[in-house]
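> File name run_18.cif; file contents mmCIF, C-alpha atoms; full text below.
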data_model
#
loop_
_atom_site.group_PDB
_atom_site.id
_atom_site.type_symbol
_atom_site.label_atom_id
_atom_site.label_comp_id
_atom_site.auth_asym_id
_atom_site.auth_seq_id
_atom_site.Cartn_x
_atom_site.Cartn_y
_atom_site.Cartn_z
ATOM 1 C CA MET A 1 -19.212 5.582 -13.520
ATOM 2 C CA ASN A 2 -17.908 6.650 -16.928
ATOM 3 C CA SER A 3 -16.645 4.509 -19.830
ATOM 4 C CA GLU A 4 -13.027 4.905 -18.778
ATOM 5 C CA GLU A 5 -13.760 3.749 -15.240
ATOM 6 C CA LEU A 6 -15.825 0.861 -16.604
ATOM 7 C CA SER A 7 -13.044 -0.188 -18.999
ATOM 8 C CA GLN A 8 -10.634 -0.852 -16.145
ATOM 9 C CA PHE A 9 -12.709 -3.867 -15.093
ATOM 10 C CA PHE A 10 -12.230 -5.664 -18.413
ATOM 11 C CA SER A 11 -9.157 -7.573 -19.532
ATOM 12 C CA PRO A 12 -8.343 -9.892 -22.446
ATOM 13 C CA GLU A 13 -7.543 -12.688 -19.949
ATOM 14 C CA CYS A 14 -11.136 -12.491 -18.730
ATOM 15 C CA PHE A 15 -12.744 -12.518 -22.157
ATOM 16 C CA ILE A 16 -14.019 -15.841 -23.504
ATOM 17 C CA SER A 17 -14.897 -15.474 -27.176
ATOM 18 C CA ASP A 18 -16.394 -18.938 -27.641
ATOM 19 C CA LEU A 19 -18.109 -20.502 -24.635
ATOM 20 C CA LYS A 20 -18.590 -24.242 -25.129
ATOM 21 C CA SER A 21 -21.064 -24.995 -22.335
ATOM 22 C CA THR A 22 -24.732 -25.526 -22.985
ATOM 23 C CA THR A 23 -26.301 -25.397 -19.505
ATOM 24 C CA LYS A 24 -26.523 -22.708 -16.826
ATOM 25 C CA ASN A 25 -24.361 -24.617 -14.321
ATOM 26 C CA ASP A 26 -21.701 -25.386 -16.897
ATOM 27 C CA ILE A 27 -21.634 -21.816 -18.198
ATOM 28 C CA LEU A 28 -20.965 -20.531 -14.689
ATOM 29 C CA SER A 29 -18.197 -23.111 -14.195
ATOM 30 C CA GLU A 30 -16.615 -22.229 -17.533
ATOM 31 C CA MET A 31 -16.758 -18.519 -16.812
ATOM 32 C CA VAL A 32 -14.953 -18.765 -13.480
ATOM 33 C CA GLN A 33 -12.054 -20.684 -15.071
ATOM 34 C CA PRO A 34 -10.058 -17.550 -16.019
ATOM 35 C CA LEU A 35 -10.308 -16.388 -12.407
ATOM 36 C CA ILE A 36 -9.001 -19.753 -11.194
ATOM 37 C CA GLU A 37 -6.124 -19.607 -13.669
ATOM 38 C CA MET A 38 -5.284 -16.105 -12.463
ATOM 39 C CA ASN A 39 -5.401 -17.216 -8.804
ATOM 40 C CA LYS A 40 -8.172 -14.753 -8.019
ATOM 41 C CA ILE A 41 -10.369 -17.257 -6.218
ATOM 42 C CA ARG A 42 -9.975 -18.582 -2.708
ATOM 43 C CA ASN A 43 -12.608 -21.288 -3.076
ATOM 44 C CA GLU A 44 -14.139 -22.259 -6.419
ATOM 45 C CA HIS A 45 -16.894 -24.373 -4.843
ATOM 46 C CA VAL A 46 -18.113 -21.560 -2.618
ATOM 47 C CA LEU A 47 -18.084 -19.121 -5.537
ATOM 48 C CA LEU A 48 -20.089 -21.448 -7.792
ATOM 49 C CA GLU A 49 -22.549 -22.279 -5.047
ATOM 50 C CA THR A 50 -23.085 -18.571 -4.287
ATOM 51 C CA LEU A 51 -23.604 -17.817 -7.985
ATOM 52 C CA LEU A 52 -26.184 -20.610 -8.169
ATOM 53 C CA LYS A 53 -27.902 -19.342 -5.021
ATOM 54 C CA ARG A 54 -28.123 -15.939 -6.716
ATOM 55 C CA GLU A 55 -29.851 -17.605 -9.646
ATOM 56 C CA THR A 56 -32.345 -19.085 -7.157
ATOM 57 C CA LEU A 57 -33.241 -15.547 -6.122
ATOM 58 C CA GLY A 58 -34.084 -14.782 -9.744
ATOM 59 C CA SER A 59 -32.432 -15.476 -13.053
ATOM 60 C CA THR A 60 -29.809 -12.932 -14.033
ATOM 61 C CA GLY A 61 -30.796 -13.511 -17.648
ATOM 62 C CA ILE A 62 -32.216 -10.044 -18.235
ATOM 63 C CA GLY A 63 -33.508 -10.787 -21.723
ATOM 64 C CA LYS A 64 -32.572 -9.956 -25.318
ATOM 65 C CA GLY A 65 -29.640 -12.361 -25.294
ATOM 66 C CA ILE A 66 -27.879 -10.953 -22.217
ATOM 67 C CA ALA A 67 -27.189 -12.391 -18.762
ATOM 68 C CA ILE A 68 -25.312 -10.804 -15.882
ATOM 69 C CA PRO A 69 -24.611 -13.529 -13.322
ATOM 70 C CA HIS A 70 -23.235 -11.864 -10.215
ATOM 71 C CA CYS A 71 -22.688 -12.192 -6.503
ATOM 72 C CA ARG A 72 -20.718 -10.993 -3.553
ATOM 73 C CA THR A 73 -18.635 -13.694 -1.923
ATOM 74 C CA LEU A 74 -15.771 -14.071 0.497
ATOM 75 C CA ALA A 75 -14.323 -16.537 -1.996
ATOM 76 C CA ILE A 76 -12.807 -13.609 -3.892
ATOM 77 C CA SER A 77 -10.756 -10.664 -2.664
ATOM 78 C CA GLN A 78 -11.323 -8.076 -5.391
ATOM 79 C CA ILE A 79 -14.006 -7.220 -7.949
ATOM 80 C CA CYS A 80 -13.607 -9.307 -11.101
ATOM 81 C CA VAL A 81 -15.531 -9.302 -14.370
ATOM 82 C CA VAL A 82 -15.476 -12.072 -16.961
ATOM 83 C CA ILE A 83 -17.101 -11.642 -20.367
ATOM 84 C CA GLY A 84 -18.273 -14.699 -22.272
ATOM 85 C CA ILE A 85 -19.819 -15.179 -25.693
ATOM 86 C CA SER A 86 -21.834 -18.231 -26.664
ATOM 87 C CA LYS A 87 -22.337 -18.410 -30.412
ATOM 88 C CA SER A 88 -25.200 -20.914 -30.234
ATOM 89 C CA GLY A 89 -26.812 -19.359 -27.159
ATOM 90 C CA VAL A 90 -27.677 -20.970 -23.838
ATOM 91 C CA ASP A 91 -30.982 -21.428 -22.053
ATOM 92 C CA PHE A 92 -30.474 -19.342 -18.891
ATOM 93 C CA ASP A 93 -34.109 -19.055 -17.677
ATOM 94 C CA SER A 94 -34.117 -15.490 -18.973
ATOM 95 C CA ILE A 95 -37.137 -13.303 -18.362
ATOM 96 C CA ASP A 96 -38.009 -13.364 -22.070
ATOM 97 C CA LYS A 97 -37.179 -17.116 -22.324
ATOM 98 C CA LYS A 98 -34.703 -16.348 -25.111
ATOM 99 C CA LYS A 99 -31.286 -17.961 -25.252
ATOM 100 C CA VAL A 100 -28.334 -15.965 -23.936
ATOM 101 C CA ASN A 101 -25.355 -15.166 -26.163
ATOM 102 C CA LEU A 102 -23.506 -12.586 -24.082
ATOM 103 C CA PHE A 103 -22.585 -13.060 -20.425
ATOM 104 C CA PHE A 104 -21.095 -10.606 -17.948
ATOM 105 C CA LEU A 105 -19.968 -12.433 -14.816
ATOM 106 C CA ILE A 106 -19.381 -10.037 -11.927
ATOM 107 C CA VAL A 107 -18.053 -11.156 -8.564
ATOM 108 C CA ALA A 108 -17.054 -9.003 -5.635
ATOM 109 C CA PRO A 109 -16.067 -9.387 -1.999
ATOM 110 C CA PRO A 110 -18.739 -8.540 0.626
ATOM 111 C CA GLN A 111 -16.878 -5.397 1.644
ATOM 112 C CA GLU A 112 -14.995 -3.110 -0.695
ATOM 113 C CA LYS A 113 -13.388 0.149 0.329
ATOM 114 C CA THR A 114 -14.303 1.801 -2.953
ATOM 115 C CA ASN A 115 -17.886 0.458 -3.055
ATOM 116 C CA GLN A 116 -17.845 -0.163 -6.801
ATOM 117 C CA TYR A 117 -19.892 -3.352 -7.072
ATOM 118 C CA LEU A 118 -23.435 -1.996 -7.345
ATOM 119 C CA PRO A 119 -22.406 1.008 -9.505
ATOM 120 C CA LEU A 120 -20.565 -1.396 -11.822
ATOM 121 C CA LEU A 121 -23.560 -3.706 -11.999
ATOM 122 C CA GLY A 122 -25.794 -0.711 -12.665
ATOM 123 C CA LYS A 123 -23.511 0.613 -15.395
ATOM 124 C CA ILE A 124 -23.492 -2.718 -17.232
ATOM 125 C CA VAL A 125 -27.285 -3.006 -16.958
ATOM 126 C CA GLU A 126 -27.590 0.546 -18.342
ATOM 127 C CA LEU A 127 -25.173 -0.214 -21.156
ATOM 128 C CA VAL A 128 -26.939 -3.345 -22.400
ATOM 129 C CA ARG A 129 -30.359 -1.708 -22.186
ATOM 130 C CA ASP A 130 -29.226 0.644 -24.958
ATOM 131 C CA ASN A 131 -30.486 -1.067 -28.135
ATOM 132 C CA ASN A 132 -27.582 0.006 -30.351
ATOM 133 C CA VAL A 133 -24.874 -0.853 -27.843
ATOM 134 C CA ARG A 134 -26.479 -4.226 -27.101
ATOM 135 C CA LYS A 135 -26.815 -5.109 -30.776
ATOM 136 C CA ASN A 136 -23.167 -4.218 -31.380
ATOM 137 C CA LEU A 137 -21.987 -6.097 -28.298
ATOM 138 C CA LEU A 138 -23.866 -9.184 -29.445
ATOM 139 C CA LYS A 139 -21.894 -9.074 -32.714
ATOM 140 C CA THR A 140 -18.547 -8.846 -30.919
ATOM 141 C CA LYS A 141 -16.006 -11.474 -31.892
ATOM 142 C CA ASN A 142 -12.973 -10.497 -29.843
ATOM 143 C CA PHE A 143 -11.783 -8.354 -26.947
ATOM 144 C CA THR A 144 -10.604 -5.466 -29.152
ATOM 145 C CA GLU A 145 -14.019 -5.117 -30.793
ATOM 146 C CA PHE A 146 -15.686 -5.389 -27.387
ATOM 147 C CA MET A 147 -13.556 -2.572 -25.937
ATOM 148 C CA GLU A 148 -14.176 -0.331 -28.957
ATOM 149 C CA ILE A 149 -17.912 -0.548 -28.274
ATOM 150 C CA ILE A 150 -17.509 -0.033 -24.528
ATOM 151 C CA GLN A 151 -15.324 3.022 -25.035
ATOM 152 C CA GLY A 152 -17.859 4.411 -27.486
ATOM 153 C CA MET B 1 -16.951 -33.684 -1.591
ATOM 154 C CA SER B 2 -18.720 -32.488 1.530
ATOM 155 C CA LYS B 3 -18.154 -28.914 2.576
ATOM 156 C CA SER B 4 -16.308 -27.981 5.734
ATOM 157 C CA GLN B 5 -18.098 -26.064 8.465
ATOM 158 C CA LEU B 6 -16.120 -22.948 7.520
ATOM 159 C CA GLU B 7 -17.149 -23.244 3.856
ATOM 160 C CA LEU B 8 -20.777 -23.592 4.936
ATOM 161 C CA LEU B 9 -20.472 -20.521 7.161
ATOM 162 C CA VAL B 10 -18.940 -18.514 4.312
ATOM 163 C CA LEU B 11 -21.779 -19.594 2.030
ATOM 164 C CA TYR B 12 -24.272 -18.708 4.766
ATOM 165 C CA GLN B 13 -22.818 -15.188 4.967
ATOM 166 C CA ASP B 14 -22.743 -14.851 1.161
ATOM 167 C CA VAL B 15 -26.468 -15.630 0.991
ATOM 168 C CA ASP B 16 -27.155 -13.382 3.983
ATOM 169 C CA VAL B 17 -25.482 -10.485 2.115
ATOM 170 C CA MET B 18 -27.416 -11.439 -1.051
ATOM 171 C CA LEU B 19 -30.752 -11.274 0.744
ATOM 172 C CA LYS B 20 -29.861 -7.876 2.234
ATOM 173 C CA GLU B 21 -29.083 -6.467 -1.230
ATOM 174 C CA ALA B 22 -32.014 -8.145 -3.004
ATOM 175 C CA GLU B 23 -34.360 -5.195 -2.640
ATOM 176 C CA GLU B 24 -31.809 -2.727 -4.018
ATOM 177 C CA GLU B 25 -31.034 -5.043 -6.947
ATOM 178 C CA SER B 26 -34.710 -5.366 -7.699
ATOM 179 C CA GLN B 27 -35.745 -1.733 -7.311
ATOM 180 C CA LYS B 28 -32.701 0.108 -8.638
ATOM 181 C CA LEU B 29 -31.376 -2.376 -11.193
ATOM 182 C CA GLY B 30 -34.503 -4.246 -12.230
ATOM 183 C CA PHE B 31 -33.294 -7.776 -11.480
ATOM 184 C CA SER B 32 -35.912 -10.405 -10.734
ATOM 185 C CA THR B 33 -36.098 -11.476 -7.082
ATOM 186 C CA LYS B 34 -39.180 -13.645 -7.405
ATOM 187 C CA GLY B 35 -37.315 -16.592 -5.885
ATOM 188 C CA ILE B 36 -36.740 -14.830 -2.568
ATOM 189 C CA ASP B 37 -38.883 -17.302 -0.597
ATOM 190 C CA GLN B 38 -37.087 -20.208 -2.263
ATOM 191 C CA LEU B 39 -33.745 -18.656 -1.338
ATOM 192 C CA LYS B 40 -34.868 -18.180 2.264
ATOM 193 C CA GLU B 41 -35.787 -21.872 2.351
ATOM 194 C CA ALA B 42 -32.324 -22.691 1.000
ATOM 195 C CA VAL B 43 -30.822 -20.658 3.860
ATOM 196 C CA VAL B 44 -32.768 -22.743 6.387
ATOM 197 C CA GLU B 45 -31.503 -25.936 4.720
ATOM 198 C CA LEU B 46 -27.987 -24.560 4.762
ATOM 199 C CA SER B 47 -28.177 -23.567 8.424
ATOM 200 C CA ALA B 48 -29.258 -27.111 9.314
ATOM 201 C CA LYS B 49 -25.896 -28.349 8.040
ATOM 202 C CA ILE B 50 -23.944 -25.952 10.264
ATOM 203 C CA GLU B 51 -23.136 -27.051 13.796
ATOM 204 C CA LYS B 52 -25.206 -25.100 16.310
ATOM 205 C CA LYS B 53 -22.180 -23.737 18.186
ATOM 206 C CA TYR B 54 -20.860 -22.136 15.000
ATOM 207 C CA LEU B 55 -24.240 -20.819 13.964
ATOM 208 C CA ARG B 56 -24.741 -19.304 17.414
ATOM 209 C CA ALA B 57 -21.298 -17.691 17.209
ATOM 210 C CA TYR B 58 -22.129 -16.312 13.734
ATOM 211 C CA GLU B 59 -25.439 -14.844 14.937
ATOM 212 C CA ARG B 60 -23.807 -13.405 18.073
ATOM 213 C CA ILE B 61 -21.082 -11.670 16.063
ATOM 214 C CA SER B 62 -23.620 -10.413 13.497
ATOM 215 C CA LYS B 63 -25.282 -8.363 16.253
ATOM 216 C CA ARG B 64 -22.080 -6.338 16.579
ATOM 217 C CA TYR B 65 -20.815 -6.218 13.024
ATOM 218 C CA LYS B 66 -22.257 -6.059 9.522
ATOM 219 C CA HIS B 67 -20.280 -9.165 8.548
ATOM 220 C CA SER B 68 -19.518 -11.982 11.000
ATOM 221 C CA ILE B 69 -16.732 -13.452 8.896
ATOM 222 C CA ALA B 70 -13.717 -11.315 8.113
ATOM 223 C CA PRO B 71 -11.207 -11.980 5.353
ATOM 224 C CA VAL B 72 -7.583 -12.337 6.400
ATOM 225 C CA LYS B 73 -4.773 -11.060 4.232
ATOM 226 C CA ASN B 74 -1.083 -10.766 5.144
ATOM 227 C CA ASN B 75 -2.055 -12.341 8.466
ATOM 228 C CA THR B 76 -4.212 -9.302 9.231
ATOM 229 C CA CYS B 77 -7.905 -9.463 10.109
ATOM 230 C CA LEU B 78 -9.525 -7.160 7.553
ATOM 231 C CA GLY B 79 -12.481 -6.693 9.896
ATOM 232 C CA CYS B 80 -10.515 -4.747 12.527
ATOM 233 C CA PHE B 81 -7.039 -4.621 10.918
ATOM 234 C CA ALA B 82 -5.393 -6.328 13.890
ATOM 235 C CA LYS B 83 -2.288 -8.344 13.129
ATOM 236 C CA LEU B 84 -2.925 -11.974 13.977
ATOM 237 C CA PRO B 85 -0.465 -14.125 15.955
ATOM 238 C CA THR B 86 1.938 -16.002 13.688
ATOM 239 C CA SER B 87 0.681 -19.232 15.214
ATOM 240 C CA TYR B 88 -2.687 -18.618 13.533
ATOM 241 C CA LEU B 89 -1.214 -18.790 10.069
ATOM 242 C CA ALA B 90 -0.654 -22.531 9.715
ATOM 243 C CA GLN B 91 -4.011 -23.486 11.195
ATOM 244 C CA GLY B 92 -6.018 -20.676 9.631
ATOM 245 C CA ARG B 93 -5.277 -21.538 6.037
ATOM 246 C CA SER B 94 -7.032 -24.855 6.461
ATOM 247 C CA ASP B 95 -10.787 -24.826 5.982
ATOM 248 C CA GLU B 96 -11.091 -27.495 8.652
ATOM 249 C CA LYS B 97 -10.575 -25.248 11.650
ATOM 250 C CA ILE B 98 -12.712 -22.269 12.655
ATOM 251 C CA MET B 99 -10.726 -19.493 14.256
ATOM 252 C CA THR B 100 -11.759 -16.106 15.548
ATOM 253 C CA CYS B 101 -9.920 -12.809 15.749
ATOM 254 C CA GLU B 102 -8.510 -12.226 19.243
ATOM 255 C CA ASN B 103 -9.236 -8.520 18.892
ATOM 256 C CA CYS B 104 -12.739 -8.248 17.370
ATOM 257 C CA GLY B 105 -14.073 -11.788 17.674
ATOM 258 C CA ARG B 106 -14.990 -12.167 13.994
ATOM 259 C CA ILE B 107 -14.661 -15.572 12.356
ATOM 260 C CA LEU B 108 -11.542 -15.571 10.182
ATOM 261 C CA TYR B 109 -11.235 -16.601 6.540
ATOM 262 C CA TRP B 110 -7.821 -16.559 4.888
ATOM 263 C CA ILE B 111 -8.001 -15.229 1.348
ATOM 264 C CA ASP B 112 -4.307 -15.191 0.419
#
What do you get writing this file as structure tokens?


Amino acid sequence: MNSEELSQFFSPECFISDLKSTTKNDILSEMVQPLIEMNKIRNEHVLLETLLKRETLGSTGIGKGIAIPHCRTLAISQICVVIGISKSGVDFDSIDKKKVNLFFLIVAPPQEKTNQYLPLLGKIVELVRDNNVRKNLLKTKNFTEFMEIIQG
Amino acid sequence: MSKSQLELLVLYQDVDVMLKEAEEESQKLGFSTKGIDQLKEAVVELSAKIEKKYLRAYERISKRYKHSIAPVKNNTCLGCFAKLPTSYLAQGRSDEKIMTCENCGRILYWID
């Protein structure tokens, strides 16, 4: 997946520049709000419960200030990505125990014709493992700046 | 608010799919899956809330298909792409009733 293909998953409507929540559960609830407003979700409760079950499997806080909560669920009919920034940081049980400032929420239906979910997840993991990209993303203040970094 | 049997079944399938992809997520993407036993326990707890007849139906269908529950869009079962009878529409949109596709037998879940 190249930068152009990756870019198509991001939109200003699904970019939250100042997350208010301070707990894992509340962050997940806040991050699904844009999807609710855009009528992308069939059942909010099922989506949140599946996201929390995924956190039971292992925290999606991958360290260095980044978390990628994700799941497949029938509660949604197409792949959606929501980006969220928390200025103060949130305890997300990350592997390095550090607070998380940048969240990528990725949700996808169980079956997709184009099979993009795991490649998308992999691409975002690869992106944030790059020290320079991660540092720049963590400084992002708005969607335009975010996209400039993504598009390299 | 307590969940309907259909919501519980959908959640059950979501976790089922999650467990199937856990190894790939761990090995290829490096995500932690150290809570796998805890998640399996959660599945057992979840299954206890689902009526046995529905759970049996889910397990029976899962022997034939990768996913026992199929999304429905435009009154079409997206498991087998059969058009569903119009009479299904009114009942199917409610989470209170569990309906199956006349053609493939999958449990139906309206997503539009």

> Residues picked by the PyMOL selection byres ((chain B) within 8 of (chain A)) here, as a ChimeraX atom specification?

/B:7,10-11,14-15,17-18,29,31-36,38-39,71,109,111-112

> Can you find the residues with an atom no farther than 9 Å from (-20.5, -23.3, 7.8), counting all atoms listed in the file, and report them as a PDB file with C-alpha atoms, in the coordinates of the input?


ATOM      1  CA  LYS B   3     -18.154 -28.914   2.576  1.00  0.00           C
ATOM      2  CA  SER B   4     -16.308 -27.981   5.734  1.00  0.00           C
ATOM      3  CA  GLN B   5     -18.098 -26.064   8.465  1.00  0.00           C
ATOM      4  CA  LEU B   6     -16.120 -22.948   7.520  1.00  0.00           C
ATOM      5  CA  GLU B   7     -17.149 -23.244   3.856  1.00  0.00           C
ATOM      6  CA  LEU B   8     -20.777 -23.592   4.936  1.00  0.00           C
ATOM      7  CA  LEU B   9     -20.472 -20.521   7.161  1.00  0.00           C
ATOM      8  CA  VAL B  10     -18.940 -18.514   4.312  1.00  0.00           C
ATOM      9  CA  LEU B  11     -21.779 -19.594   2.030  1.00  0.00           C
ATOM     10  CA  TYR B  12     -24.272 -18.708   4.766  1.00  0.00           C
ATOM     11  CA  GLN B  13     -22.818 -15.188   4.967  1.00  0.00           C
ATOM     12  CA  LEU B  46     -27.987 -24.560   4.762  1.00  0.00           C
ATOM     13  CA  SER B  47     -28.177 -23.567   8.424  1.00  0.00           C
ATOM     14  CA  LYS B  49     -25.896 -28.349   8.040  1.00  0.00           C
ATOM     15  CA  ILE B  50     -23.944 -25.952  10.264  1.00  0.00           C
ATOM     16  CA  GLU B  51     -23.136 -27.051  13.796  1.00  0.00           C
ATOM     17  CA  TYR B  54     -20.860 -22.136  15.000  1.00  0.00           C
ATOM     18  CA  LEU B  55     -24.240 -20.819  13.964  1.00  0.00           C
TER      19      LEU B  55
END

> By how many Å are atom CA of Ala70 of chain B and atom CA of Ile107 of chain B apart?

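Here the two named atoms are 6.1 Å from each other.
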
> Can you measure atom CA of Pro69 of chain A to atom CA of Val107 of chain A for me? One decimal in Å is fine.

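Atom-to-atom, atom CA of Pro69 of chain A and atom CA of Val107 of chain A are spaced 8.4 Å apart.
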
> Atom CA of Asn115 of chain A and atom CA of Leu84 of chain B, how far apart in Å?

25.9 Å

> Where's the centre, and what are the edge lengths in Å to one decimal, of a box along x, y and z enclosing all listed atoms of segment 113-128 of chain A padded 6 Å per side, as lines of an AutoDock Vina configuration file?


center_x = -20.5
center_y = -1.0
center_z = -11.0
size_x = 26.2
size_y = 17.5
size_z = 34.7

> Choose the residue, out of B:Thr86, B:Lys73, B:Asp16, B:Ala22, that has the smallest atom-to-atom separation from Glu59 of chain B; count all atoms listed in the file.

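The shortest atom-to-atom distance to Glu59 of chain B comes from B:Asp16.
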
> For Leu127 of chain A, which residue among A:Gly152, A:Cys14, A:Thr114, A:Ile79 is the nearest when counting only C-alpha atoms?

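Checking each of A:Gly152, A:Cys14, A:Thr114, A:Ile79 against Leu127 of chain A, counting only C-alpha atoms, the winner is A:Gly152.
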
> With the file shown as input, list the residues that the PyMOL selection byres ((chain A and resi 3-6) around 9) selects, as a list in words.

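Applying the expression gives Met1, Asn2, Ser7, Gln8, Phe9, Phe10, Leu120, Lys123, Ile124, Ile150, Gln151 and Gly152 of chain A.
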
> Nearest residue to Glu21 of chain B out of A:Tyr117, A:Lys139, A:Ser29, A:Glu148, using only C-alpha atoms?

A:Tyr117

> Take the PyMOL selection byres ((chain A and resi 97) around 12), run it mentally on this structure, and tell me the resulting residues as a list in words.

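That selection, the PyMOL selection byres ((chain A and resi 97) around 12), comes back as Ser59, Thr60, Gly61, Ile62, Gly63, Lys64, Gly65, Ile66, Ala67, Gly89, Val90, Asp91, Phe92, Asp93, Ser94, Ile95, Asp96, Lys98, Lys99 and Val100 of chain A.
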
> Would you kindly return, as a ChimeraX atom specification, each protein, DNA or RNA residue with an atom no farther than 9 Å from any atom of Asn103 of chain B, considering all atoms listed in the file and excluding same-chain residues fewer than 5 positions away?

/B:77,80,82,84

> May I ask which of the residues B:Cys101, B:Ala48, B:Gly79, B:Ala90 is the closest one to Lys66 of chain B, counting all atoms listed in the file?

B:Gly79

> Identify which of the residues B:Gln91, B:Val72, B:Ala42, B:Gly105 lies closest to Arg60 of chain B, counting only C-alpha atoms when measuring atom-to-atom distances.

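For Arg60 of chain B, the nearest of the given residues is B:Gly105.
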